[in-house]
Amino acid sequence: MSERRTAHRVAVLALHGVVSFELGIPSRIFDIARGPDGERLYEVAVCTVDGRPVRTEAGFSVAVEHGPEALAAADTVVIPPTHELGPLADGGPLPAPLARAFDRIRPGTRMVSICTASYVLAAAGLLDGRPATTHWHDAAAFQRTFPHVKVDPGVLFVDDGDVLTSAGAAAGIDLCLHLVRRDHGSEVANRVARYCVVPPWRDGGQAQYIERPVPEPTVAGTAATRAWALERLQEPLSLGEMAAHAQMSLRTFTRRFREEAGMTPGTWLTAQRLELARQLLESSDLPVDLVAHRAGFGTANSLRQHMRSVLGVSPVAYRRTFQVGARV
């Protein structure tokens, strides 16, 4: 009998002024994740730099059960955003209590920021020379304040290995689901998403909902066509067929699709097919040729090229990773 794996330890560091919605995201997502025998895959500890209560942006305070000792034991540290950045907003150093708390974090610990908590990681020097994102509204100021960070203001989240950053609010859900998927595969992450009644997968490269004029309510959208396409991923769908289903010209359909989905129809279609292929590789024993066919890639070689380009691994290597056992 194989030895039971130890649950991955997540510390959520709440700072004064913490945004209550984002504070609850890591606990909600990680607490639900379960292994094949119903075991918890994560242990979540919400902490503060001194173990004392912190103010939230919503007019109430939060009492926590853990202090900075939770950071020393963590495999992953998640920092939700705060409305009280103070000197950090101008590129100042970490306040002394926060710096001492950071000193407890072990080398190699996975660091995660949600929304403007990117300022905390940047002030700690963890983002220098690395790609990162933050809320689109603050991206320009963030880039001026931390010129050595490679800021991408348009994406939902950035995964740079041991350091991950996300945009605001719901993008924190996307990032936490991405971490579950990265650690344990799509099947576990999809169960968590289904329980939380949220979309199971929005790629990190999907555009943030940056402020732009709202279309007239009488204008038809592309959501129905996207749902229609998801039921036909196995078929060789063309841009013309999708535009015809939406009853739009190619030009209008492409423009509206980009406005609503944040990417071109072709890029979106490939991403959905790749996600379906990943699910099939993780949850079935279908030959790679059949997986490629069912996901709409046509041939195993086409699937192999797309997976190497996006994920850096072959279908066989990807399947081996998730079917040998979950990673913690």
# chains A, B, ... in the order shown; residues from 1 in each chain; ligands from 1
$ residues_around --residues "Ser314 in chain A" --least-positions-apart "4" --cutoff "9 Å" --atoms "only C-alpha atoms" --output "list in words"
Leu303, Arg304, Gln305, His306, Met307, Arg308, Tyr318 and Arg319 of chain A
$ residues_around --residues "Met248 in chain A" --least-positions-apart "6" --cutoff "12 Å" --atoms "only C-alpha atoms" --output "list of chain:residue names"
A:Val219, A:Ala220, A:Gly221, A:Thr222, A:Thr225, A:Leu239, A:Gly240, A:Glu241, A:Met242, A:Thr254, A:Arg255, A:Arg256, A:Phe257
$ atom_distance --atom1 "CA of Thr133 in chain A" --atom2 "CA of Asp160 in chain A"
10.8 Å
$ select_by_dssp --residues "range 45-188 of chain A" --states "alpha helix (DSSP H)" --output "compact mmCIF listing (two decimals) with C-alpha atoms, in the first residue's frame"
# COMPACT_ATOMS: atom_id res chain seq x y z
CA GLU A 69 4.90 30.81 12.28
CA ALA A 70 2.45 29.66 9.59
CA LEU A 71 4.70 31.24 6.97
CA ALA A 72 7.66 29.16 8.13
CA ALA A 73 5.70 25.94 7.65
CA ALA A 96 9.74 46.09 9.49
CA PRO A 97 7.05 43.72 10.88
CA LEU A 98 6.26 42.46 7.37
CA ALA A 99 9.95 42.10 6.54
CA ARG A 100 10.48 40.02 9.68
CA ALA A 101 7.52 37.84 8.73
CA PHE A 102 8.96 37.37 5.24
CA ASP A 103 12.27 36.30 6.75
CA SER A 118 1.93 42.32 -6.32
CA TYR A 119 3.30 45.47 -4.66
CA VAL A 120 4.28 43.35 -1.67
CA LEU A 121 6.15 40.78 -3.76
CA ALA A 122 7.82 43.55 -5.77
CA ALA A 123 8.90 45.43 -2.65
CA TRP A 136 -5.21 46.68 -14.97
CA HIS A 137 -6.19 49.92 -13.24
CA ASP A 138 -2.91 49.94 -11.29
CA ALA A 139 -0.64 48.42 -13.94
CA ALA A 140 0.85 51.66 -15.27
CA ALA A 141 1.62 53.01 -11.79
CA PHE A 142 3.00 49.63 -10.74
CA GLN A 143 5.34 49.57 -13.75
CA ARG A 144 6.61 53.10 -12.99
CA THR A 145 7.17 52.18 -9.37
CA ALA A 170 -12.19 36.86 -9.85
CA ALA A 171 -8.75 36.43 -11.42
CA GLY A 172 -7.66 35.25 -7.98
CA ILE A 173 -10.12 32.37 -8.37
CA ASP A 174 -8.62 31.58 -11.77
CA LEU A 175 -5.12 31.54 -10.32
CA CYS A 176 -6.03 29.32 -7.36
CA LEU A 177 -7.81 26.87 -9.69
CA HIS A 178 -4.72 26.96 -11.90
CA LEU A 179 -2.58 25.97 -8.92
CA VAL A 180 -4.88 23.04 -8.13
CA ARG A 181 -4.75 22.01 -11.78
CA ARG A 182 -0.96 22.33 -11.83
CA ASP A 183 -0.60 20.31 -8.64
CA HIS A 184 -3.25 17.63 -9.18
CA SER A 186 -7.76 19.08 -14.44
CA GLU A 187 -10.11 16.50 -13.00
CA VAL A 188 -9.56 17.68 -9.41
$ closest_residue --among "A:Gly35, A:Pro265, A:Pro287, A:Pro236" --to "Leu250 in chain A" --atoms "only C-alpha atoms"
A:Pro265
$ closest_residue --among "A:Val18, A:Leu237, A:Val46, A:Leu281" --to "Phe60 in chain A" --atoms "only C-alpha atoms"
A:Val18
$ select_by_dssp --residues "range 71-256 of chain A" --states "strand (DSSP E or B)" --output "PyMOL selection string"
chain A and resi 76-79+82+110-114+131-132+150-151+155+157-159+163-166+207
$ atom_distance --atom1 "CA of Arg278 in chain A" --atom2 "CA of Ala261 in chain A"
21.0 Å
$ closest_residue --among "A:Glu259, A:Asp31, A:Glu282, A:Glu235" --to "Ala295 in chain A" --atoms "only C-alpha atoms"
A:Glu235
$ residues_around --residues "Ala271 in chain A" --least-positions-apart "2" --cutoff "12 Å" --atoms "only C-alpha atoms" --output "ChimeraX atom specification"
/A:201-206,230,233,261,263-269,273-278,295-297,303,306-307,309-311
$ write_last_selection --atoms "N, CA and C atoms" --output "tab-separated table (two decimals), in the first residue's frame"
chain	number	residue	atom	x	y	z
A	201	TRP	N	-12.11	26.77	-16.17
A	201	TRP	CA	-10.81	27.09	-16.77
A	201	TRP	C	-10.89	28.37	-17.57
A	202	ARG	N	-10.09	29.35	-17.17
A	202	ARG	CA	-9.83	30.53	-17.99
A	202	ARG	C	-8.33	30.68	-18.03
A	203	ASP	N	-7.77	30.53	-19.20
A	203	ASP	CA	-6.33	30.56	-19.35
A	203	ASP	C	-5.76	31.88	-18.82
A	204	GLY	N	-4.56	31.80	-18.24
A	204	GLY	CA	-3.95	32.99	-17.69
A	204	GLY	C	-3.76	34.10	-18.70
A	205	GLY	N	-3.57	33.71	-19.97
A	205	GLY	CA	-3.35	34.71	-21.01
A	205	GLY	C	-4.61	35.39	-21.48
A	206	GLN	N	-5.77	34.95	-20.99
A	206	GLN	CA	-7.00	35.61	-21.38
A	206	GLN	C	-6.99	37.04	-20.88
A	230	LEU	N	-18.27	24.56	-28.37
A	230	LEU	CA	-17.78	23.64	-27.35
A	230	LEU	C	-18.37	22.25	-27.50
A	233	LEU	N	-16.12	20.40	-30.69
A	233	LEU	CA	-14.67	20.54	-30.76
A	233	LEU	C	-14.03	19.48	-31.64
A	261	ALA	N	-14.28	37.72	-25.45
A	261	ALA	CA	-13.44	36.63	-24.94
A	261	ALA	C	-12.00	37.04	-24.69
A	263	MET	N	-9.63	37.30	-26.89
A	263	MET	CA	-8.71	36.64	-27.81
A	263	MET	C	-9.43	36.37	-29.12
A	264	THR	N	-8.68	35.97	-30.13
A	264	THR	CA	-9.29	35.67	-31.43
A	264	THR	C	-10.06	34.35	-31.36
A	265	PRO	N	-11.02	34.14	-32.27
A	265	PRO	CA	-11.74	32.86	-32.28
A	265	PRO	C	-10.81	31.66	-32.42
A	266	GLY	N	-9.79	31.79	-33.28
A	266	GLY	CA	-8.87	30.67	-33.47
A	266	GLY	C	-8.08	30.33	-32.23
A	267	THR	N	-7.59	31.36	-31.54
A	267	THR	CA	-6.84	31.13	-30.30
A	267	THR	C	-7.73	30.51	-29.24
A	268	TRP	N	-8.95	31.01	-29.13
A	268	TRP	CA	-9.90	30.46	-28.16
A	268	TRP	C	-10.22	29.00	-28.46
A	269	LEU	N	-10.45	28.69	-29.73
A	269	LEU	CA	-10.81	27.33	-30.11
A	269	LEU	C	-9.66	26.37	-29.81
A	273	ARG	N	-9.74	23.18	-27.14
A	273	ARG	CA	-9.36	21.83	-27.58
A	273	ARG	C	-8.21	21.28	-26.74
A	274	LEU	N	-7.28	22.15	-26.41
A	274	LEU	CA	-6.15	21.71	-25.59
A	274	LEU	C	-6.63	21.32	-24.19
A	275	GLU	N	-7.56	22.07	-23.64
A	275	GLU	CA	-8.10	21.73	-22.32
A	275	GLU	C	-8.83	20.39	-22.36
A	276	LEU	N	-9.60	20.15	-23.42
A	276	LEU	CA	-10.29	18.87	-23.55
A	276	LEU	C	-9.28	17.73	-23.67
A	277	ALA	N	-8.22	17.93	-24.43
A	277	ALA	CA	-7.18	16.91	-24.57
A	277	ALA	C	-6.53	16.61	-23.23
A	278	ARG	N	-6.28	17.65	-22.45
A	278	ARG	CA	-5.68	17.45	-21.13
A	278	ARG	C	-6.59	16.61	-20.24
A	295	ALA	N	-10.42	15.66	-29.49
A	295	ALA	CA	-10.21	17.05	-29.10
A	295	ALA	C	-10.17	17.99	-30.30
A	296	GLY	N	-10.23	17.42	-31.50
A	296	GLY	CA	-10.28	18.26	-32.69
A	296	GLY	C	-8.94	18.63	-33.28
A	297	PHE	N	-7.87	17.99	-32.83
A	297	PHE	CA	-6.55	18.28	-33.40
A	297	PHE	C	-6.24	17.45	-34.64
A	303	LEU	N	-1.50	17.41	-32.03
A	303	LEU	CA	-1.67	17.56	-30.59
A	303	LEU	C	-0.32	17.70	-29.91
A	306	HIS	N	1.09	21.23	-30.33
A	306	HIS	CA	0.40	22.23	-29.52
A	306	HIS	C	0.75	22.08	-28.04
A	307	MET	N	0.83	20.85	-27.55
A	307	MET	CA	1.15	20.65	-26.14
A	307	MET	C	2.58	21.06	-25.82
A	309	SER	N	4.23	23.35	-27.41
A	309	SER	CA	4.29	24.80	-27.52
A	309	SER	C	3.73	25.49	-26.28
A	310	VAL	N	2.60	24.98	-25.77
A	310	VAL	CA	1.92	25.63	-24.65
A	310	VAL	C	2.40	25.12	-23.30
A	311	LEU	N	2.56	23.80	-23.17
A	311	LEU	CA	2.87	23.20	-21.87
A	311	LEU	C	4.31	22.72	-21.75
$ atom_distance --atom1 "CA of Leu88 in chain A" --atom2 "CA of Pro147 in chain A"
14.1 Å
